[in-house]
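Q: For reference, this is coords07.cif, and it has mmCIF, C-alpha atoms.
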data_data
#
loop_
_atom_site.label_atom_id
_atom_site.label_comp_id
_atom_site.auth_asym_id
_atom_site.auth_seq_id
_atom_site.Cartn_x
_atom_site.Cartn_y
_atom_site.Cartn_z
CA MET A 1 38.92 113.27 123.08
CA ALA A 2 39.25 116.01 125.53
CA GLN A 3 40.78 119.11 124.11
CA ALA A 4 41.94 122.27 125.70
CA ALA A 5 39.93 125.39 125.33
CA THR A 6 42.40 126.67 122.74
CA GLY A 7 41.54 123.71 120.50
CA ARG A 8 45.15 122.46 120.39
CA SER A 9 45.92 118.90 121.23
CA HIS A 10 48.06 118.34 124.30
CA ARG A 11 49.45 115.08 122.99
CA VAL A 12 53.24 115.16 123.31
CA ARG A 13 54.92 114.62 119.94
CA HIS A 14 58.17 112.58 120.22
CA SER A 15 60.78 112.72 117.49
CA PRO A 16 61.23 109.19 116.07
CA GLU A 17 64.34 107.46 117.42
CA LEU A 18 66.25 104.78 115.55
CA ASP A 19 66.73 101.56 117.41
CA LEU A 20 70.48 101.08 117.14
CA LEU A 21 70.72 97.94 119.24
CA PRO A 22 70.45 95.48 116.29
CA VAL A 23 73.17 97.42 114.50
CA MET A 24 75.36 97.17 117.58
CA ASN A 25 74.72 93.44 117.75
CA LEU A 26 75.71 93.07 114.11
CA PHE A 27 78.92 95.01 114.67
CA CYS A 28 79.75 92.92 117.71
CA VAL A 29 79.62 89.81 115.53
CA ILE A 30 81.38 91.27 112.49
CA ILE A 31 84.32 92.87 114.30
CA PRO A 32 85.73 89.71 115.96
CA PHE A 33 85.29 87.83 112.67
CA LEU A 34 87.16 90.49 110.71
CA LEU A 35 89.85 90.73 113.36
CA LEU A 36 90.52 87.02 113.00
CA SER A 37 90.61 87.18 109.20
CA ALA A 38 92.64 90.37 108.90
CA SER A 39 96.24 90.16 107.84
CA PHE A 40 98.34 93.10 108.86
CA LEU A 41 101.51 91.76 107.24
CA ASP A 42 101.46 91.55 103.46
CA ILE A 43 103.86 88.84 102.35
CA THR A 44 104.94 88.75 98.72
CA ILE A 45 107.66 87.09 96.69
CA ILE A 46 110.47 88.06 94.36
CA GLU A 47 110.82 85.58 91.53
CA MET A 48 114.47 84.94 90.86
CA SER A 49 115.78 84.22 87.43
CA PRO A 50 118.29 81.41 86.98
CA THR A 51 121.80 82.66 86.34
CA GLU A 52 125.14 81.14 85.46
CA GLY A 53 126.01 78.46 87.92
CA ILE A 54 122.33 77.87 88.63
CA SER A 55 121.26 75.33 86.08
CA THR A 56 117.66 75.07 84.98
CA GLY A 57 117.96 71.96 82.91
CA ALA A 58 116.51 73.82 79.94
CA GLY A 59 118.82 73.63 76.99
CA THR A 60 117.01 75.77 74.44
CA THR A 61 118.76 78.99 73.60
CA SER A 62 117.42 81.09 70.80
CA LEU A 63 119.31 83.89 69.12
CA ALA A 64 117.13 86.50 70.80
CA GLN A 65 117.85 84.97 74.20
CA SER A 66 121.56 85.00 73.61
CA GLU A 67 121.40 88.63 72.50
CA GLU A 68 119.47 89.48 75.63
CA GLN A 69 122.04 87.67 77.70
CA GLN A 70 124.78 89.66 76.06
CA LEU A 71 122.98 92.90 76.77
CA GLN A 72 121.89 92.13 80.29
CA PRO A 73 123.56 94.38 82.87
CA LYS A 74 125.29 93.36 86.06
CA ILE A 75 125.29 95.17 89.34
CA ILE A 76 128.43 94.41 91.25
CA LEU A 77 128.33 94.86 95.02
CA THR A 78 131.58 94.78 96.92
CA ASN A 79 132.32 95.96 100.43
CA GLU A 80 133.94 99.14 99.11
CA GLU A 81 132.07 100.10 96.00
CA MET A 82 129.09 99.43 93.78
CA PHE A 83 129.52 99.05 90.02
CA LEU A 84 127.23 98.81 87.04
CA GLY A 85 128.50 96.61 84.25
CA THR A 86 126.69 97.06 80.96
CA VAL A 87 127.29 96.48 77.31
CA PHE A 88 128.59 100.04 77.19
CA GLY A 89 131.22 99.41 79.86
CA THR A 90 131.66 98.92 83.60
CA ARG A 91 131.57 101.98 85.79
CA SER A 92 131.54 102.78 89.45
CA ILE A 93 128.21 103.95 90.87
CA SER A 94 129.11 104.92 94.40
CA ARG A 95 131.25 104.18 97.38
CA VAL A 96 129.85 102.11 100.21
CA PHE A 97 129.35 103.69 103.59
CA LEU A 98 128.45 102.26 106.97
CA GLU A 99 125.20 102.78 108.79
CA ASP A 100 123.85 101.69 112.13
CA ARG A 101 121.06 99.16 111.58
CA ASN A 102 119.56 97.81 114.81
CA GLY A 103 122.77 98.39 116.70
CA GLU A 104 124.95 96.77 114.06
CA MET A 105 127.20 98.63 111.64
CA VAL A 106 126.39 97.37 108.17
CA ASN A 107 127.17 98.39 104.60
CA ARG A 108 124.81 100.82 102.94
CA TYR A 109 124.77 101.37 99.20
CA ASP A 110 123.61 104.49 97.40
CA TYR A 111 120.40 103.26 95.79
CA ASP A 112 119.50 106.70 94.43
CA ALA A 113 122.70 106.74 92.41
CA LEU A 114 122.01 103.21 91.24
CA SER A 115 118.49 104.15 90.19
CA GLU A 116 119.82 107.09 88.20
CA ALA A 117 122.46 104.95 86.49
CA LEU A 118 119.95 102.23 85.62
CA GLY A 119 117.54 104.84 84.24
CA ASP A 120 120.28 106.21 81.98
CA PHE A 121 121.22 102.72 80.88
CA ARG A 122 117.61 101.86 80.10
CA GLU A 123 117.35 104.92 77.85
CA GLU A 124 120.61 104.08 76.06
CA LEU A 125 119.49 100.50 75.64
CA ASP A 126 116.13 101.47 74.18
CA GLU A 127 117.83 103.78 71.70
CA ALA A 128 120.59 101.42 70.65
CA PHE A 129 118.69 98.09 70.70
CA PRO A 130 114.98 98.90 70.48
CA SER A 131 114.03 95.47 69.16
CA ILE A 132 115.60 93.47 71.98
CA PRO A 133 113.67 93.43 75.24
CA VAL A 134 116.09 93.24 78.14
CA HIS A 135 114.54 92.40 81.48
CA LYS A 136 117.18 90.20 83.04
CA ILE A 137 119.78 91.57 85.37
CA THR A 138 122.46 89.90 87.42
CA ILE A 139 123.41 90.91 90.93
CA LEU A 140 127.01 89.90 91.38
CA THR A 141 128.19 90.20 94.95
CA VAL A 142 131.05 89.29 97.18
CA ASP A 143 130.23 86.51 99.60
CA ASP A 144 129.37 88.55 102.70
CA VAL A 145 126.89 91.07 101.34
CA ARG A 146 123.74 91.09 103.43
CA TYR A 147 120.48 89.72 102.08
CA ASP A 148 118.52 92.94 102.71
CA ASN A 149 121.00 94.88 100.56
CA ILE A 150 120.45 92.37 97.75
CA VAL A 151 116.67 92.72 98.03
CA LYS A 152 116.87 96.53 97.95
CA THR A 153 119.06 96.34 94.86
CA ILE A 154 116.51 94.04 93.22
CA ASP A 155 113.78 96.59 94.03
CA VAL A 156 115.67 99.39 92.34
CA CYS A 157 116.25 97.19 89.28
CA ALA A 158 112.54 96.38 89.08
CA ASP A 159 111.76 100.12 89.01
CA HIS A 160 113.56 100.29 85.65
CA ASP A 161 111.90 97.18 84.24
CA PHE A 162 114.81 94.87 84.98
CA ASN A 163 112.41 92.54 86.73
CA GLN A 164 114.13 89.17 86.23
CA PRO A 165 117.00 89.31 88.70
CA GLY A 166 119.59 86.62 89.14
CA LEU A 167 122.16 86.22 91.86
CA GLN A 168 125.81 85.39 91.46
CA VAL A 169 128.36 85.29 94.23
CA ALA A 170 132.09 85.46 93.75
CA ALA A 171 134.97 85.47 96.16
CA TYR A 172 136.30 88.93 96.90
CA SER A 173 139.71 88.21 95.39
CA VAL A 174 138.18 86.82 92.18
CA LEU A 175 135.85 89.79 91.82
CA GLN A 176 138.64 92.30 92.41
CA ARG A 177 140.78 90.57 89.82
CA GLN A 178 137.93 90.58 87.28
CA LEU A 179 137.13 94.22 87.95
CA ALA A 180 140.74 95.19 87.53
CA ALA A 181 140.86 93.31 84.23
CA GLY A 182 137.42 94.60 83.17
CA THR A 183 136.09 91.09 82.65
CA THR A 184 133.05 90.89 84.87
CA GLY A 185 131.17 88.96 82.27
CA VAL A 186 129.87 92.03 80.52
CA LEU A 187 131.06 93.12 77.14
CA PRO A 188 133.14 96.33 77.35
CA MET B 1 39.23 98.98 146.57
CA SER B 2 42.30 100.31 148.30
CA ALA B 3 45.17 101.75 146.32
CA PRO B 4 48.11 99.41 145.78
CA THR B 5 51.02 99.91 148.05
CA LYS B 6 54.30 101.16 146.61
CA ARG B 7 55.82 97.70 147.02
CA HIS B 8 53.38 96.12 144.59
CA LEU B 9 53.87 98.63 141.81
CA PRO B 10 55.43 97.24 138.63
CA LEU B 11 58.99 98.42 137.88
CA THR B 12 58.13 99.61 134.41
CA LEU B 13 56.11 102.70 134.23
CA GLY B 14 52.49 101.91 133.74
CA TYR B 15 49.58 104.11 133.19
CA LYS B 16 49.56 104.75 136.87
CA LYS B 17 52.57 106.67 138.00
CA ASN B 18 54.00 106.70 141.43
CA LYS B 19 55.00 109.82 143.24
CA ALA B 20 58.67 109.66 142.22
CA SER B 21 57.87 109.57 138.54
CA ILE B 22 55.46 112.38 138.93
CA ARG B 23 58.27 114.42 140.45
CA GLY B 24 60.46 113.53 137.43
CA LYS B 25 63.07 111.59 139.40
CA ASP B 26 62.41 108.20 137.78
CA LYS B 27 63.27 108.82 134.15
CA LYS B 28 64.14 105.93 131.84
CA VAL B 29 67.86 106.10 131.14
CA THR B 30 68.90 105.42 127.53
CA LEU B 31 72.42 105.15 126.20
CA ASN B 32 73.34 107.35 123.29
CA LEU B 33 74.83 104.79 120.91
CA THR B 34 75.42 107.07 117.97
CA SER B 35 79.06 107.85 118.74
CA MET B 36 79.79 104.18 119.38
CA ILE B 37 78.19 103.24 116.07
CA ASP B 38 80.40 105.84 114.37
CA MET B 39 83.49 104.31 115.93
CA PHE B 40 82.46 100.79 115.00
CA THR B 41 81.79 101.86 111.43
CA ILE B 42 85.33 103.21 111.12
CA LEU B 43 86.70 100.03 112.69
CA VAL B 44 84.72 97.79 110.34
CA VAL B 45 85.90 99.72 107.27
CA PHE B 46 89.52 99.44 108.41
CA LEU B 47 89.18 95.72 109.09
CA LEU B 48 87.44 95.11 105.78
CA LYS B 49 90.43 96.73 104.09
CA SER B 50 92.78 94.34 105.89
CA TYR B 51 90.52 91.37 105.31
CA ASN B 52 92.20 88.48 103.59
CA ALA B 53 89.94 85.71 102.35
CA GLU B 54 92.85 83.40 101.55
CA GLY B 55 94.15 83.33 105.09
CA GLN B 56 97.82 83.13 105.94
CA ILE B 57 99.59 80.77 103.55
CA VAL B 58 103.01 80.92 105.10
CA THR B 59 104.09 80.62 108.69
CA LEU B 60 106.81 83.03 109.56
CA SER B 61 109.53 81.82 111.84
CA ASP B 62 110.34 83.88 114.91
CA ALA B 63 114.00 83.20 114.31
CA LEU B 64 114.22 85.46 111.29
CA THR B 65 113.36 88.92 110.07
CA LEU B 66 112.28 89.02 106.47
CA PRO B 67 113.54 91.87 104.29
CA GLU B 68 111.16 94.50 102.99
CA SER B 69 110.46 94.96 99.32
CA ARG B 70 108.09 96.72 96.96
CA SER B 71 107.45 93.53 95.02
CA ASP B 72 103.75 92.76 94.63
CA HIS B 73 103.85 89.17 93.39
CA LYS B 74 101.36 87.15 95.41
CA ILE B 75 102.84 84.33 97.42
CA GLU B 76 101.98 80.77 96.45
CA LEU B 77 101.93 77.63 98.52
CA ASN B 78 105.27 75.96 97.83
CA LEU B 79 107.98 74.12 99.67
CA GLU B 80 109.40 76.45 102.32
CA ILE B 81 113.11 76.80 102.98
CA ILE B 82 114.16 78.97 105.91
CA VAL B 83 117.67 80.34 105.81
CA THR B 84 119.30 82.02 108.77
CA ASN B 85 122.93 82.44 109.75
CA GLU B 86 122.46 79.49 112.13
CA ALA B 87 120.63 76.85 110.11
CA ILE B 88 118.88 75.89 106.90
CA ILE B 89 115.44 74.46 107.54
CA VAL B 90 113.41 72.61 104.93
CA ASP B 91 109.72 72.12 105.58
CA GLY B 92 110.25 72.64 109.32
CA GLU B 93 113.14 70.22 109.58
CA PRO B 94 116.69 71.55 110.20
CA ILE B 95 118.93 70.13 107.50
CA VAL B 96 122.18 72.07 107.68
CA PHE B 97 123.71 73.89 110.62
CA VAL B 98 125.66 76.83 109.30
CA ASP B 99 129.32 77.09 110.24
CA GLU B 100 132.45 78.47 108.62
CA SER B 101 132.82 75.46 106.34
CA VAL B 102 129.37 76.10 104.87
CA LEU B 103 130.21 79.77 104.28
CA SER B 104 133.61 79.14 102.76
CA GLU B 105 132.49 77.35 99.60
CA GLY B 106 130.22 78.30 96.74
CA ASN B 107 128.88 74.99 95.53
CA PRO B 108 125.51 73.36 96.16
CA ILE B 109 125.21 71.77 99.61
CA PRO B 110 125.04 67.98 99.13
CA VAL B 111 122.84 67.27 102.18
CA LEU B 112 120.39 69.93 101.11
CA VAL B 113 120.34 68.72 97.51
CA GLU B 114 119.58 65.20 98.73
CA ARG B 115 116.75 66.34 100.98
CA LEU B 116 115.20 68.47 98.25
CA SER B 117 115.53 65.70 95.67
CA ASP B 118 113.80 63.32 98.08
CA HIS B 119 110.95 65.79 98.51
CA LEU B 120 110.55 66.21 94.77
CA GLU B 121 110.61 62.44 94.26
CA TYR B 122 108.03 61.99 97.00
CA THR B 123 105.77 64.54 95.30
CA ARG B 124 106.22 62.76 91.99
CA LEU B 125 105.28 59.42 93.54
CA MET B 126 102.26 60.82 95.34
CA ARG B 127 100.82 62.66 92.35
CA GLY B 128 102.02 60.37 89.61
CA THR B 129 103.37 63.29 87.64
CA ILE B 130 105.03 66.58 88.32
CA ASP B 131 104.60 69.94 86.68
CA GLU B 132 106.12 73.38 86.97
CA THR B 133 104.01 74.41 89.93
CA GLU B 134 105.59 71.72 92.09
CA MET B 135 109.08 72.73 91.01
CA LYS B 136 109.02 75.97 92.97
CA VAL B 137 110.39 76.81 96.37
CA ASN B 138 109.90 79.79 98.63
CA ILE B 139 113.06 80.88 100.40
CA GLN B 140 112.60 82.77 103.65
CA GLY B 141 115.88 84.44 104.46
CA ASP B 142 116.86 86.53 107.43
CA VAL B 143 117.95 90.08 106.59
CA ALA B 144 121.43 89.36 107.91
CA THR B 145 121.93 86.23 105.81
CA ARG B 146 125.15 86.37 103.82
CA ALA B 147 124.99 86.26 100.05
CA ILE B 148 127.15 83.15 99.82
CA LEU B 149 124.69 81.17 101.93
CA LEU B 150 121.73 82.34 99.90
CA GLN B 151 123.49 81.51 96.67
CA ARG B 152 124.40 78.03 97.93
CA VAL B 153 120.79 77.38 98.88
CA MET B 154 119.57 78.59 95.49
CA SER B 155 122.06 76.51 93.57
CA SER B 156 121.15 73.49 95.72
CA CYS B 157 117.50 74.01 94.81
CA ALA B 158 118.35 74.26 91.12
CA GLN B 159 120.44 71.11 91.26
CA ALA B 160 117.67 69.20 93.01
CA GLY B 161 115.23 70.16 90.25
CA TYR B 162 113.48 73.19 91.72
CA ALA B 163 113.87 75.51 88.75
CA THR B 164 112.04 78.48 90.25
CA GLN B 165 113.18 80.02 93.48
CA ASN B 166 111.10 82.71 95.09
CA LEU B 167 112.40 84.99 97.80
CA THR B 168 109.77 85.66 100.43
CA VAL B 169 109.63 89.31 101.47
CA ILE B 170 107.39 91.67 103.38
CA LYS B 171 105.65 94.13 101.13
CA VAL B 172 106.07 97.80 101.86
CA GLU B 173 104.13 100.50 100.12
CA GLY B 174 105.83 102.69 97.51
CA GLY B 175 107.90 105.36 99.14
CA ASP B 176 110.59 103.69 101.18
CA ASP B 177 112.90 106.51 102.21
CA GLU B 178 115.91 104.30 102.23
CA LEU B 179 115.58 103.45 98.58
#
For this file, produce the structure as structure tokens.

A:
Amino acid sequence: MAQAATGRSHRVRHSPELDLLPVMNLFCVIIPFLLLSASFLDITIIEMSPTEGISTGAGTTSLAQSEEQQLQPKIILTNEEMFLGTVFGTRSISRVFLEDRNGEMVNRYDYDALSEALGDFREELDEAFPSIPVHKITILTVDDVRYDNIVKTIDVCADHDFNQPGLQVAAYSVLQRQLAAGTTGVLP
Amino acid sequence: MSAPTKRHLPLTLGYKKNKASIRGKDKKVTLNLTSMIDMFTILVVFLLKSYNAEGQIVTLSDALTLPESRSDHKIELNLEIIVTNEAIIVDGEPIVFVDESVLSEGNPIPVLVERLSDHLEYTRLMRGTIDETEMKVNIQGDVATRAILLQRVMSSCAQAGYATQNLTVIKVEGGDDEL
């Protein structure tokens, strides 16, 4: 091979280049496939627990179940106020205020206050009745409470391990009468 | 032998170079794909995260907006009931059109109970037996649905023999500011 007088080779040394075209081809196949299989909306469920007025057909009631039923709290949603009815008594949580939701004025409940009240109740319950696991909770509403408010209430309950919610609906007049008499189905 | 004319030269550069290539005006153009590969890699990672091997089990109706929840129970394939303030739809078939009379009472809705009982009986006949998994319904309710309507649907389900009622919701991640 001919060499220069200096003895150095004049062959040009190229840096090795990766051939990225097969990788591109692979990506072009994978991306449409993944786009078709991707789900951008995660749909889940809330499992509702049967409550009074919603029969399950099951007739077995053990002592522990009845104790749990006695201890289970109720959240009462009216159009003016939200209450928490527990074995220790029924008390008001917060007033209801209006908010603009998609151009419509709807009721908004104070879920922070509810969370705080449920947290306190959970602590009291664990101290007073440590052997009885209470996971059921009843949402008692007047007939025109919106569904999204019920779901948000259920979420707050689940944060405090009340993860077996049930739904009860009462007429406004009946609920007011029961609240005034302190007989919302929860022991005072 | 005469030299080949310019017209007969091959397009790819051979060992013999024409005058243009000698002057450096006929360089082979290559695309720099590195940045595109980077972008595709990010895209593939994002799509892999959203990848769902099970596919979409439920079909969401355009007529309703599902509420958002932090619940993470996976949805199962059950009988679907769609509840809006206009109608109650079972398995794609409108059963009850909602009016004031429907919203004024709190009992199970007879027409709905009958339809659900028929469906349960049909399932029993087809499979020979029925277990707890068939006695579940998924209720898709619009955010503006009134509680009385939801409760009537749920009590209708219970009366027809569907002991477990699931509320279908859209999952949101942890920190919802409204809660």

Q: Let me know the residues the PyMOL selection byres ((chain B) within 8 of (chain A)) catches in the file above, as a ChimeraX atom specification.

A: /B:33-34,37,40,43-44,47-48,50-53,55-56,67-75,106,138,141-148,150-151,154-155,158-159,161,163-172,178-179

Q: So which residues touch Glu81 in chain A within 8 Å, counting all atoms listed in the file, skipping near sequence neighbours fewer than 2 positions away, as a list in words?

A: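 Those residues are Leu77, Thr78, Asn79, Phe83, Ser92, Ile93, Ser94, Arg95 and Val96 of chain A.
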
Q: Applying 9 Å and all atoms listed in the file, which residues near Val102 in chain B remain after dropping the ones on its own chain fewer than 6 positions away? List them as JSON, numbers by chain.

A: {"B": [96, 109, 148, 149, 152]}

Q: Give me, please, the distance in Å between CA of Gln164 in chain A and CA of His135 in chain A, quoted to one decimal.

A: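 Separation between CA of Gln164 in chain A and CA of His135 in chain A: 5.8 Å.
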
Q: Have a look at A:Asp126, A:Arg101, A:Phe121, A:Asn107 and name the one nearest to Gly89 in chain A; count only C-alpha atoms.

A: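 Of A:Asp126, A:Arg101, A:Phe121, A:Asn107, the one nearest Gly89 in chain A, counting only C-alpha atoms, is A:Phe121.
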
Q: Between CA of Glu100 in chain B and CA of Tyr172 in chain A, what is the distance in Å, rounded to a tenth?

A: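 Between these atoms lies a distance of 16.2 Å.
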
Q: Just so the selection is clear, what residues does the PyMOL selection byres ((chain B and resi 91) around 8) cover here, as a list in words?

A: Leu79, Glu80, Ile81, Ile89, Val90, Gly92 and Glu93 of chain B

Q: Expressed in Å to a single decimal, how great is the separation between CA of Pro16 in chain A and CA of Asn32 in chain B?

A: 14.2 Å

Q: Which one is closest to Lys136 in chain B: B:Ala160, B:Val45, B:Ile88, B:Val113? Count all atoms listed in the file.

A: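 Closest candidate: B:Ala160.
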
Q: For Pro110 in chain B, which residue out of B:Cys157, B:Ile130, B:Met36, B:Leu66 is the nearest one, using all atoms listed in the file?

A: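 Ranked by minimum distance to Pro110 in chain B, first place goes to B:Cys157.
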
Q: Listed atoms of range 88-103 of chain A, axis-aligned box, 8 Å per side: centre and edge lengths to one decimal in Å, as JSON?

A:
{"center_x": 125.6, "center_y": 101.4, "center_z": 96.9, "size_x": 28.1, "size_y": 23.1, "size_z": 55.5}

Q: Pick out the closest residue to Ser131 in chain A from this set: A:Glu68, A:Phe162, A:Gly119, A:Asn25. Count all atoms listed in the file.

A: A:Glu68

Q: Measuring atom to atom with all atoms listed in the file, identify which of A:Asp161, A:Thr90, A:Phe129, A:Asp120 is nearest to Ile76 in chain A.

A: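 Answer, going by the shortest atom-to-atom distance: A:Thr90.
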